[in-house]
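*Asks:* Mind having a look at this structure? Questions to follow.
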Amino acid sequence: MGFLFYGTDVNENRAHVHVGKRGVDKFCKIWLEPFISIADAGDLTLSQQKQVMQIVEEQQDKLLKQWALFKEGKPIKMLTVKR
């Protein structure tokens, strides 16, 4: 699964990340603040949503730092999560 920010996200103030996998039409959108929650499940199954939520909870600080860099127009890093 891939976690990403869309270029148009720069217009949104609330930190979030999009999550999806190859072959899906609609990515999941997850709020990172003020608490982690699914804004739109997209095409992810319930099992995939649970897996993604666990990853986001574990990586929330790193994702928020990347969001801040993204909002400032600075380069962001690819994060690797080992399972």
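Identifiers for the structure tokens are assigned positionally: chains receive A, B, ... in sequence, residues are indexed from 1 per chain, and ligands are indexed from 1 in the order shown.
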Give me the residues within 10 Å of A:Val52 as a list in words, counting only C-alpha atoms and dropping any in the same chain fewer than 6 places off.

*Replies:* Met1, Gly2, Phe3, Val19, Gly20, Cys28, Ile30, Ile38, Leu44, Leu46 and Glu58 of chain A

*Asks:* Out of chain A, which residues get strand (DSSP E or B) from DSSP, as a list of chain:residue names?

*Replies:* A:Gly2, A:Phe3, A:Leu4, A:His16, A:Val17, A:His18, A:Val19, A:Gly20, A:Cys28, A:Lys29, A:Ile30, A:Trp31, A:Ser37, A:Ile38, A:Ala39, A:Asp40

*Asks:* Within 12 Å of A:Leu4, counting only C-alpha atoms, which residues show up once you throw out same-chain ones fewer than 6 positions away? Write them as a list in words, please.

*Replies:* Ala15, His16, Val17, His18, Val19, Gly20, Lys21, Phe27, Cys28, Lys29, Ile30, Leu63, Gln66, Trp67, Phe70, Ile76, Lys77, Met78 and Leu79 of chain A

*Asks:* With distances taken over only C-alpha atoms, which of A:Lys71, A:Lys50, A:Lys62, A:Lys26 is nearest to A:Glu12?

*Replies:*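 Comparing A:Lys71, A:Lys50, A:Lys62, A:Lys26 against A:Glu12, the winner is A:Lys71.
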
*Asks:* Report, in Å to a single decimal, how far apart atom CA of A:Thr80 and atom CA of A:Asn11 are.

*Replies:*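 Value for the atom CA of A:Asn11-atom CA of A:Thr80 distance: 26.1 Å.
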
*Asks:* Run DSSP on the backbone and grab whatever in chain A lands in helix (DSSP H, G or I); send it over as number ranges by chain.

*Replies:* A: 7-11, 46-71
